[in-house]
$ cat query_4.txt   # compact mmCIF, C-alpha atoms
# COMPACT_ATOMS: atom_id res chain seq x y z
CA ILE A 29 37.95 -31.93 -129.27
CA ASP A 30 37.99 -31.77 -125.48
CA PRO A 31 40.18 -33.51 -122.89
CA SER A 32 37.17 -34.04 -120.60
CA THR A 33 35.05 -37.04 -121.60
CA GLU A 34 32.23 -35.83 -119.35
CA GLN A 35 32.17 -32.36 -120.86
CA LEU A 36 32.44 -33.71 -124.40
CA ASN A 37 29.53 -36.11 -123.95
CA ARG A 38 27.43 -33.39 -122.35
CA ALA A 39 28.07 -31.08 -125.28
CA ARG A 40 27.33 -33.83 -127.80
CA GLU A 41 23.98 -34.67 -126.22
CA ARG A 42 23.06 -31.02 -126.02
CA LEU A 43 23.82 -30.48 -129.69
CA ARG A 44 21.82 -33.54 -130.69
CA ALA A 45 18.81 -32.30 -128.74
CA LEU A 46 19.04 -28.88 -130.41
CA LEU A 47 19.77 -30.04 -133.96
CA GLY A 48 17.37 -32.99 -134.23
CA ASP A 49 17.23 -34.26 -137.83
CA ARG A 50 19.82 -31.66 -138.84
CA GLU A 51 22.42 -33.23 -136.59
CA GLY A 52 24.52 -34.70 -139.40
CA THR A 53 27.63 -36.33 -138.00
CA LEU A 54 29.34 -35.27 -134.80
CA PHE A 55 32.91 -36.41 -134.41
CA ALA A 56 34.10 -36.71 -130.83
CA TYR A 57 37.83 -37.20 -130.33
CA LEU A 58 38.82 -38.16 -126.83
CA SER A 59 42.53 -38.08 -127.65
CA GLU A 60 44.71 -36.24 -130.15
CA PRO A 61 42.98 -36.23 -133.54
CA ASN A 62 44.53 -36.62 -136.95
CA ILE A 63 43.63 -33.21 -138.38
CA THR A 64 43.37 -33.80 -142.11
CA ARG A 65 39.85 -32.90 -143.26
CA PRO A 66 38.71 -29.43 -142.06
CA HIS A 67 38.91 -26.21 -144.06
CA VAL A 68 39.56 -24.35 -140.82
CA VAL A 69 40.23 -25.21 -137.18
CA VAL A 70 38.23 -23.24 -134.60
CA SER A 71 39.69 -23.17 -131.10
CA CYS A 72 37.84 -21.96 -128.02
CA ALA A 73 40.44 -23.44 -125.68
CA PRO A 74 42.22 -21.64 -122.81
CA HIS A 75 45.23 -19.49 -123.77
CA PRO A 76 48.08 -21.97 -123.14
CA ALA A 77 46.38 -24.75 -125.15
CA ASN A 78 46.12 -22.47 -128.18
CA ILE A 79 49.88 -22.57 -128.64
CA TYR A 80 49.80 -26.33 -129.16
CA ILE A 81 46.58 -26.40 -131.25
CA ALA A 82 47.83 -23.65 -133.56
CA LYS A 83 51.15 -25.45 -134.01
CA LYS A 84 49.30 -28.67 -134.88
CA ALA A 85 47.09 -26.89 -137.42
CA MET A 86 50.08 -25.14 -139.01
CA LYS A 87 51.95 -28.46 -139.30
CA CYS A 88 48.95 -29.93 -141.15
CA GLY A 89 48.65 -26.86 -143.39
CA ILE A 90 45.13 -26.04 -142.16
CA SER A 91 43.91 -22.52 -141.44
CA TYR A 92 43.25 -21.75 -137.79
CA CYS A 93 41.38 -19.20 -135.67
CA ASP A 94 40.88 -18.74 -131.92
CA LEU A 95 39.43 -16.33 -129.35
CA GLY A 96 42.75 -14.69 -128.46
CA GLY A 97 43.11 -12.62 -125.31
CA SER A 98 46.79 -13.19 -124.49
CA HIS A 99 49.60 -10.96 -125.84
CA ASP A 100 52.25 -13.62 -125.11
CA VAL A 101 50.38 -16.46 -126.82
CA ALA A 102 49.72 -14.31 -129.91
CA ALA A 103 53.44 -13.47 -130.15
CA ILE A 104 54.37 -17.17 -130.10
CA GLN A 105 51.66 -17.99 -132.65
CA LYS A 106 52.96 -15.31 -134.97
CA CYS A 107 56.36 -17.04 -134.98
CA TYR A 108 54.68 -20.32 -136.01
CA ALA A 109 52.67 -18.61 -138.72
CA ASN A 110 55.78 -17.04 -140.25
CA LEU A 111 57.04 -20.56 -140.97
CA ALA A 112 53.76 -21.79 -142.50
CA ASN A 113 51.67 -21.03 -145.56
CA SER A 114 48.26 -21.37 -143.89
CA ALA A 115 46.35 -18.68 -142.03
CA LEU A 116 46.58 -18.22 -138.26
CA VAL A 117 44.02 -15.73 -136.94
CA SER A 118 43.81 -14.73 -133.28
CA GLY A 119 41.21 -12.69 -131.38
CA CYS A 120 37.95 -13.72 -133.08
CA GLY A 121 35.36 -13.75 -130.26
CA ALA A 122 33.20 -10.91 -128.99
CA SER A 123 35.99 -8.68 -127.74
CA PRO A 124 38.57 -9.02 -129.12
CA GLY A 125 36.81 -10.00 -132.30
CA ILE A 126 33.51 -8.31 -133.09
CA SER A 127 34.65 -5.14 -131.31
CA ASN A 128 37.90 -4.85 -133.32
CA ILE A 129 36.21 -5.51 -136.66
CA LEU A 130 33.69 -2.74 -135.93
CA ALA A 131 36.42 -0.41 -134.63
CA ALA A 132 38.52 -0.87 -137.77
CA HIS A 133 35.40 -0.34 -139.89
CA LEU A 134 34.81 3.02 -138.19
CA ALA A 135 38.43 3.99 -138.74
CA ARG A 136 38.49 2.96 -142.41
CA GLU A 137 35.02 3.96 -143.64
CA TYR A 138 34.28 7.00 -141.45
CA LYS A 139 37.86 8.15 -140.72
CA CYS A 140 37.25 8.02 -136.97
CA ASP A 141 40.52 8.78 -135.16
CA ARG A 142 39.19 8.39 -131.62
CA LEU A 143 37.74 5.02 -130.56
CA GLU A 144 36.17 3.78 -127.34
CA VAL A 145 35.21 0.15 -126.77
CA TYR A 146 33.12 -1.04 -123.82
CA CYS A 147 32.30 -4.69 -123.28
CA GLY A 148 30.76 -6.52 -120.35
CA GLY A 149 29.32 -9.97 -119.68
CA LEU A 150 27.19 -9.72 -116.54
CA PRO A 151 24.60 -11.73 -114.63
CA HIS A 152 21.07 -10.48 -115.26
CA PRO A 153 19.36 -9.14 -113.29
CA ARG A 154 21.88 -7.50 -110.96
CA PRO A 155 22.64 -9.92 -108.07
CA ASP A 156 21.90 -9.16 -104.44
CA PRO A 157 25.23 -7.91 -102.99
CA HIS A 158 24.55 -9.74 -99.72
CA GLU A 159 24.38 -13.04 -101.60
CA ASN A 160 26.99 -12.23 -104.23
CA PRO A 161 29.37 -9.43 -103.10
CA LEU A 162 31.26 -9.44 -106.41
CA LEU A 163 28.02 -8.94 -108.37
CA TYR A 164 29.35 -11.37 -110.97
CA LYS A 165 28.98 -14.87 -112.47
CA CYS A 166 31.72 -16.73 -114.38
CA THR A 167 30.29 -17.45 -117.82
CA TRP A 168 33.70 -18.32 -119.28
CA SER A 169 37.19 -19.46 -118.32
CA PRO A 170 38.31 -18.30 -114.83
CA GLU A 171 41.90 -18.42 -116.12
CA GLY A 172 41.03 -16.08 -118.97
CA LEU A 173 39.21 -13.68 -116.65
CA ALA A 174 42.11 -13.62 -114.17
CA HIS A 175 44.55 -12.93 -117.02
CA GLU A 176 42.47 -9.95 -118.14
CA TYR A 177 42.46 -8.49 -114.63
CA ALA A 178 46.16 -9.06 -113.90
CA GLY A 179 47.79 -8.24 -117.24
CA LYS A 180 48.65 -5.13 -119.21
CA ALA A 181 46.05 -3.26 -121.24
CA LEU A 182 46.84 -1.49 -124.50
CA VAL A 183 45.78 2.06 -125.31
CA ILE A 184 46.67 4.53 -128.06
CA ARG A 185 47.60 8.07 -127.12
CA GLY A 186 49.05 11.04 -128.98
CA GLY A 187 48.39 13.37 -131.87
CA LYS A 188 48.12 12.40 -135.53
CA GLN A 189 51.87 12.42 -136.10
CA GLU A 190 53.13 10.97 -132.84
CA SER A 191 50.39 8.54 -131.75
CA ARG A 192 51.69 5.31 -130.24
CA CYS A 193 50.50 2.19 -128.44
CA ARG A 194 51.08 2.17 -124.70
CA LYS A 195 50.77 -0.52 -122.07
CA VAL A 196 48.90 0.33 -118.88
CA GLN A 197 48.21 -1.84 -115.88
CA ALA A 198 44.80 -3.50 -116.00
CA LEU A 199 42.32 -2.15 -113.41
CA SER A 200 44.62 0.81 -112.70
CA LYS A 201 41.90 3.32 -113.54
CA ILE A 202 38.25 2.57 -112.75
CA VAL A 203 35.68 5.12 -113.91
CA PRO A 204 31.85 5.28 -113.85
CA PHE A 205 29.86 4.41 -116.94
CA GLU A 206 26.23 5.28 -117.67
CA LEU A 207 24.00 3.49 -120.16
CA ARG A 208 20.91 5.42 -121.25
CA ASN A 209 17.77 3.66 -122.46
CA GLY A 210 15.26 6.42 -123.11
CA ASP A 211 14.60 8.10 -119.78
CA GLN A 212 16.22 5.28 -117.81
CA ILE A 213 19.87 5.34 -116.74
CA GLU A 214 21.83 2.24 -115.77
CA ARG A 215 25.05 2.78 -113.86
CA PHE A 216 28.13 0.61 -114.20
CA GLU A 217 31.88 0.95 -113.72
CA SER A 218 34.56 0.42 -116.33
CA ALA A 219 38.25 -0.48 -116.22
CA TRP A 220 41.13 -1.23 -118.56
CA THR A 221 41.67 -4.98 -119.05
CA SER A 222 44.22 -6.89 -121.10
CA ASN A 223 41.94 -8.39 -123.78
CA ASN A 224 43.24 -6.65 -126.87
CA SER A 225 46.43 -7.67 -128.68
CA PHE A 226 49.28 -5.37 -129.62
CA HIS A 227 48.75 -6.38 -133.26
CA SER A 228 45.15 -5.08 -133.22
CA ALA A 229 46.08 -1.83 -131.50
CA GLU A 230 49.00 -1.25 -133.87
CA TYR A 231 46.77 -1.91 -136.88
CA LEU A 232 44.23 0.64 -135.65
CA ARG A 233 47.06 3.14 -135.13
CA GLU A 234 48.17 2.57 -138.73
CA LEU A 235 44.60 3.34 -139.84
CA GLY A 236 44.94 6.79 -138.27
CA VAL A 237 43.55 6.18 -134.80
CA ASN A 238 45.35 8.40 -132.27
CA TRP A 239 43.18 7.67 -129.22
CA LEU A 240 41.95 4.20 -128.24
CA ASP A 241 40.43 3.00 -125.00
CA TYR A 242 39.22 -0.55 -124.34
CA ARG A 243 37.26 -1.00 -121.11
CA THR A 244 35.41 -3.85 -119.43
CA LEU A 245 32.05 -3.12 -117.79
CA ARG A 246 30.95 -4.40 -114.39
CA TYR A 247 28.22 -3.53 -111.90
CA GLU A 248 29.17 -0.70 -109.54
CA GLY A 249 31.21 -2.02 -106.61
CA HIS A 250 32.62 -5.13 -108.30
CA TRP A 251 36.29 -4.20 -108.23
CA ALA A 252 36.15 -2.64 -104.74
CA ALA A 253 34.68 -5.92 -103.45
CA LEU A 254 37.34 -7.89 -105.32
CA ASP A 255 40.14 -5.81 -103.78
CA LYS A 256 38.89 -6.78 -100.31
CA LEU A 257 39.30 -10.45 -101.16
CA VAL A 258 42.54 -10.41 -103.19
CA SER A 259 45.20 -7.71 -103.05
CA ARG A 260 46.58 -6.55 -106.41
CA LYS A 261 49.98 -6.05 -104.77
CA GLU A 262 50.49 -9.77 -104.14
CA PRO A 263 53.02 -11.43 -106.52
CA ASP A 264 50.69 -14.39 -107.22
CA TYR A 265 47.68 -12.13 -107.84
CA GLU A 266 46.60 -13.93 -111.04
CA LYS A 267 46.73 -17.40 -109.44
CA ARG A 268 44.79 -16.19 -106.45
CA LEU A 269 42.13 -14.73 -108.73
CA VAL A 270 41.72 -18.09 -110.47
CA ALA A 271 41.35 -19.83 -107.11
CA LEU A 272 38.79 -17.25 -106.03
CA PHE A 273 36.70 -17.49 -109.21
CA ARG A 274 36.75 -21.30 -109.02
CA GLY A 275 36.22 -21.56 -105.28
CA ARG A 276 33.10 -19.46 -104.60
CA SER A 277 29.79 -21.15 -105.34
CA GLU A 278 27.92 -17.87 -105.91
CA LEU A 279 30.18 -17.14 -108.90
CA VAL A 280 29.24 -20.36 -110.73
CA PHE A 281 26.87 -19.77 -113.66
CA ASP A 282 24.02 -22.32 -113.65
CA ARG A 283 22.71 -22.69 -117.20
CA ASP A 284 19.24 -23.81 -116.09
CA ARG A 285 18.75 -21.28 -113.32
CA ASP A 286 20.83 -18.19 -114.13
CA SER A 287 20.59 -15.60 -116.91
CA ASP A 288 23.20 -13.22 -118.27
CA ARG A 289 23.62 -10.16 -120.42
CA MET A 290 26.33 -9.20 -122.91
CA MET A 291 26.86 -5.53 -123.67
CA LEU A 292 29.14 -4.27 -126.42
CA MET A 293 29.59 -0.66 -127.50
CA VAL A 294 32.06 0.62 -130.08
CA ARG A 295 32.15 4.41 -130.40
CA GLY A 296 34.04 6.35 -133.03
CA GLN A 297 34.68 10.06 -133.32
CA ARG A 298 36.28 12.03 -136.14
CA GLY A 299 38.06 15.25 -135.25
CA ALA A 300 39.07 16.68 -131.90
CA ARG A 301 35.84 18.64 -131.64
CA CYS A 302 33.63 15.67 -132.52
CA ALA A 303 32.92 16.75 -136.08
CA GLU A 304 31.32 13.34 -136.64
CA ALA A 305 30.43 10.47 -134.31
CA HIS A 306 29.26 6.88 -134.85
CA GLU A 307 28.32 4.08 -132.46
CA TYR A 308 27.58 0.36 -132.62
CA ARG A 309 25.71 -0.94 -129.60
CA PHE A 310 24.58 -4.47 -128.75
CA ASP A 311 22.64 -5.71 -125.74
CA VAL A 312 22.20 -9.50 -125.85
CA PHE A 313 20.55 -11.75 -123.27
CA LYS A 314 20.52 -15.50 -122.64
CA ASP A 315 18.31 -17.36 -125.11
CA ALA A 316 15.37 -19.01 -123.36
CA ILE A 317 14.95 -21.75 -126.00
CA THR A 318 18.49 -23.03 -126.54
CA LYS A 319 19.69 -21.86 -123.09
CA PHE A 320 22.85 -20.53 -124.69
CA SER A 321 24.17 -17.76 -122.48
CA ALA A 322 24.61 -14.27 -123.90
CA MET A 323 28.37 -14.76 -123.53
CA GLU A 324 28.21 -17.98 -125.56
CA LEU A 325 26.08 -16.36 -128.25
CA MET A 326 28.22 -13.28 -128.84
CA THR A 327 31.51 -15.15 -128.59
CA SER A 328 30.43 -17.94 -130.93
CA TRP A 329 28.96 -15.49 -133.46
CA GLY A 330 32.27 -13.66 -133.70
CA ILE A 331 34.46 -16.71 -134.27
CA ALA A 332 31.91 -18.59 -136.43
CA ILE A 333 31.52 -15.67 -138.84
CA VAL A 334 35.31 -15.25 -139.12
CA ALA A 335 35.75 -19.02 -139.68
CA HIS A 336 33.02 -18.92 -142.36
CA HIS A 337 34.83 -16.02 -144.03
CA MET A 338 38.02 -18.10 -144.15
CA ALA A 339 36.56 -21.50 -145.07
CA SER A 340 34.18 -20.27 -147.77
CA GLY A 341 36.91 -18.59 -149.79
CA ARG A 342 35.70 -15.08 -149.09
CA GLY A 343 39.17 -14.26 -147.83
CA GLN A 344 41.90 -15.18 -145.37
CA PRO A 345 45.42 -13.97 -144.65
CA THR A 346 48.70 -15.66 -145.37
CA GLY A 347 50.31 -16.23 -142.01
CA PHE A 348 49.33 -14.43 -138.80
CA ALA A 349 46.59 -11.80 -138.56
CA THR A 350 43.80 -10.52 -136.36
CA PRO A 351 40.33 -10.55 -138.00
CA GLU A 352 39.91 -6.81 -138.53
CA MET A 353 42.93 -6.90 -140.86
CA PHE A 354 41.20 -8.95 -143.57
CA VAL A 355 37.49 -9.57 -142.84
CA ASP A 356 34.96 -7.82 -145.10
CA ALA A 357 33.33 -5.63 -142.44
CA GLY A 358 30.16 -4.97 -144.43
CA TRP A 359 29.57 -8.68 -144.93
CA PHE A 360 30.47 -9.37 -141.30
CA ILE A 361 27.89 -6.83 -140.07
CA SER A 362 25.20 -8.37 -142.29
CA GLU A 363 25.98 -11.83 -140.91
CA LEU A 364 25.87 -10.48 -137.36
CA ASN A 365 22.52 -8.82 -138.06
CA ARG A 366 21.14 -12.14 -139.36
CA ARG A 367 21.85 -13.70 -135.98
CA LEU A 368 20.53 -10.72 -134.04
CA THR A 369 17.31 -10.82 -136.07
CA LEU A 370 16.95 -14.55 -135.47
CA TYR A 371 17.26 -14.05 -131.74
CA ASN A 372 15.38 -10.71 -131.82
CA MET A 373 18.20 -9.08 -129.87
CA HIS A 374 18.93 -5.76 -131.63
$ encode --input "query_4.txt" --output "structure tokens"
Amino acid sequence: IDPSTEQLNRARERLRALLGDREGTLFAYLSEPNITRPHVVVSCAPHPANIYIAKKAMKCGISYCDLGGSHDVAAIQKCYANLANSALVSGCGASPGISNILAAHLAREYKCDRLEVYCGGLPHPRPDPHENPLLYKCTWSPEGLAHEYAGKALVIRGGKQESRCRKVQALSKIVPFELRNGDQIERFESAWTSNNSFHSAEYLRELGVNWLDYRTLRYEGHWAALDKLVSRKEPDYEKRLVALFRGRSELVFDRDRDSDRMMLMVRGQRGARCAEAHEYRFDVFKDAITKFSAMELMTSWGIAIVAHHMASGRGQPTGFATPEMFVDAGWFISELNRRLTLYNMH
């Protein structure tokens, strides 16, 4: 379902070219559909639209999942879910989504009480700063990106007995980040962003996590360059970010010409003196055959595996949940590895 006829037709033709004889039947609704047949509704729409789509799915008694990313939208959805018998699952993409499922797995199976999550979707290779001062390409919704930069991030701080979730301003603390590949070191910068939901953070706290940091990765200099273009002190900061991301041609991701890279790291530590440590690390690049971007691949894998979990009868919640609360993490990791093996992207 998409309100843009042009975008819908483009997607349909692309899928037909990729699927060939396996195409089956593609249903394209140009107006509001009568949702009666699916086992689960999968929404990759912008945040505000997810309120309406979730409400429609709940009214029809059909389970629903989306990519999440907005605290306010998730709170409204939870109210809908409390009045329905079907499942409503928010935050099922790459991060939130894959990252939270892996983080909860580390907390449950390995008793990790300190978690760090780093995620970044970046153009690859690194752009020339003279041509692209922000060192960035928009591979997803500008509205979603602006919301992450302007909102409140959630962290967990405190000891075992008094740990609690706290809200901190996104981008309020930018720190260097190094990625080591053998003898090579890649340098990035990281900052708090408002991706994660309060429900996910609270669930991790209940699992015994007393220290949680979620950070977005960018090339060094990205946020300093952004501050020169849009001041964080302005009251309409989020709207101005959207206008900026939509208005600069160098930030537009061209599927045929550009490439991207998706990095995701989930680190867990047990004990204050690092008695035990575990790490999941993914480095995915645009696929040359399908031309799916790395952002598309990782995001779609997260929500498709969760939707499969729900629709196949493996398990789903009653009412509202985030995926780490009910998904079989071992099965999820095996499904993720199937896709990574297919694309040779370990």
$ residues_around --input "query_4.txt" --residues "Leu143 (chain A)" --least-positions-apart "4" --cutoff "6 Å" --atoms "all atoms listed in the file" --output "NGL selection string"
:A and (240 or 295-296)
$ residues_near_point --input "query_4.txt" --point "(15.5, -20.8, -126.1)" --cutoff "12 Å" --atoms "all atoms listed in the file" --output "VMD selection string"
chain A and resid 46 283 to 284 287 313 to 322 325 370 to 372
$ write_last_selection --input "query_4.txt" --atoms "C-alpha atoms" --output "PDB file, keeping the file's coordinate frame"
ATOM      1  CA  LEU A  46      19.040 -28.880-130.410  1.00  0.00           C
ATOM      2  CA  ARG A 283      22.710 -22.690-117.200  1.00  0.00           C
ATOM      3  CA  ASP A 284      19.240 -23.810-116.090  1.00  0.00           C
ATOM      4  CA  SER A 287      20.590 -15.600-116.910  1.00  0.00           C
ATOM      5  CA  PHE A 313      20.550 -11.750-123.270  1.00  0.00           C
ATOM      6  CA  LYS A 314      20.520 -15.500-122.640  1.00  0.00           C
ATOM      7  CA  ASP A 315      18.310 -17.360-125.110  1.00  0.00           C
ATOM      8  CA  ALA A 316      15.370 -19.010-123.360  1.00  0.00           C
ATOM      9  CA  ILE A 317      14.950 -21.750-126.000  1.00  0.00           C
ATOM     10  CA  THR A 318      18.490 -23.030-126.540  1.00  0.00           C
ATOM     11  CA  LYS A 319      19.690 -21.860-123.090  1.00  0.00           C
ATOM     12  CA  PHE A 320      22.850 -20.530-124.690  1.00  0.00           C
ATOM     13  CA  SER A 321      24.170 -17.760-122.480  1.00  0.00           C
ATOM     14  CA  ALA A 322      24.610 -14.270-123.900  1.00  0.00           C
ATOM     15  CA  LEU A 325      26.080 -16.360-128.250  1.00  0.00           C
ATOM     16  CA  LEU A 370      16.950 -14.550-135.470  1.00  0.00           C
ATOM     17  CA  TYR A 371      17.260 -14.050-131.740  1.00  0.00           C
ATOM     18  CA  ASN A 372      15.380 -10.710-131.820  1.00  0.00           C
TER      19      ASN A 372
END
$ atom_distance --input "query_4.txt" --atom1 "CA of Asp356 (chain A)" --atom2 "CA of Leu182 (chain A)"
24.6 Å
$ closest_residue --input "query_4.txt" --among "A:Arg40, A:Ala349, A:Glu234, A:Leu130" --to "Asn110 (chain A)" --atoms "all atoms listed in the file"
A:Ala349
$ residues_around --input "query_4.txt" --residues "region 100-108 of chain A" --least-positions-apart "6" --cutoff "9 Å" --atoms "only C-alpha atoms" --output "list in words"
His75, Pro76, Asn78, Ile79, Ala82, Lys83, Met86, Leu116, Ser118, Gly119, Ser225, Phe226, His227, Gly347, Phe348 and Ala349 of chain A
$ residues_around --input "query_4.txt" --residues "Thr221 (chain A)" --least-positions-apart "6" --cutoff "6 Å" --atoms "all atoms listed in the file" --output "JSON, numbers by chain"
{"A": [176, 177, 181, 198]}
$ residues_around --input "query_4.txt" --residues "region 152-162 of chain A" --least-positions-apart "6" --cutoff "7 Å" --atoms "all atoms listed in the file" --output "list in words"
His250, Ala253, Leu254, Glu278, Ser287, Asp288 and Arg289 of chain A
$ closest_residue --input "query_4.txt" --among "A:Gly48, A:Gly343, A:Gly121, A:Pro151" --to "Cys72 (chain A)" --atoms "all atoms listed in the file"
A:Gly121
$ atom_distance --input "query_4.txt" --atom1 "CA of Lys180 (chain A)" --atom2 "CA of Asp311 (chain A)"
26.8 Å
$ atom_distance --input "query_4.txt" --atom1 "CA of Asp94 (chain A)" --atom2 "CA of His337 (chain A)"
13.8 Å
$ closest_residue --input "query_4.txt" --among "A:Ala178, A:Ala132, A:Cys147, A:Leu207" --to "Arg260 (chain A)" --atoms "all atoms listed in the file"
A:Ala178
$ closest_residue --input "query_4.txt" --among "A:Val183, A:Leu173, A:Cys193, A:Leu292" --to "Leu269 (chain A)" --atoms "only C-alpha atoms"
A:Leu173
$ residues_around --input "query_4.txt" --residues "Val280 (chain A)" --least-positions-apart "5" --cutoff "8 Å" --atoms "all atoms listed in the file" --output "list in words"
Lys165, Cys166, Thr167 and Arg274 of chain A
$ closest_residue --input "query_4.txt" --among "A:Lys87, A:Val294, A:Leu272, A:Pro170" --to "Leu111 (chain A)" --atoms "all atoms listed in the file"
A:Lys87
$ closest_residue --input "query_4.txt" --among "A:Ala219, A:Ala332, A:Val145, A:Ile81" --to "Trp239 (chain A)" --atoms "only C-alpha atoms"
A:Val145
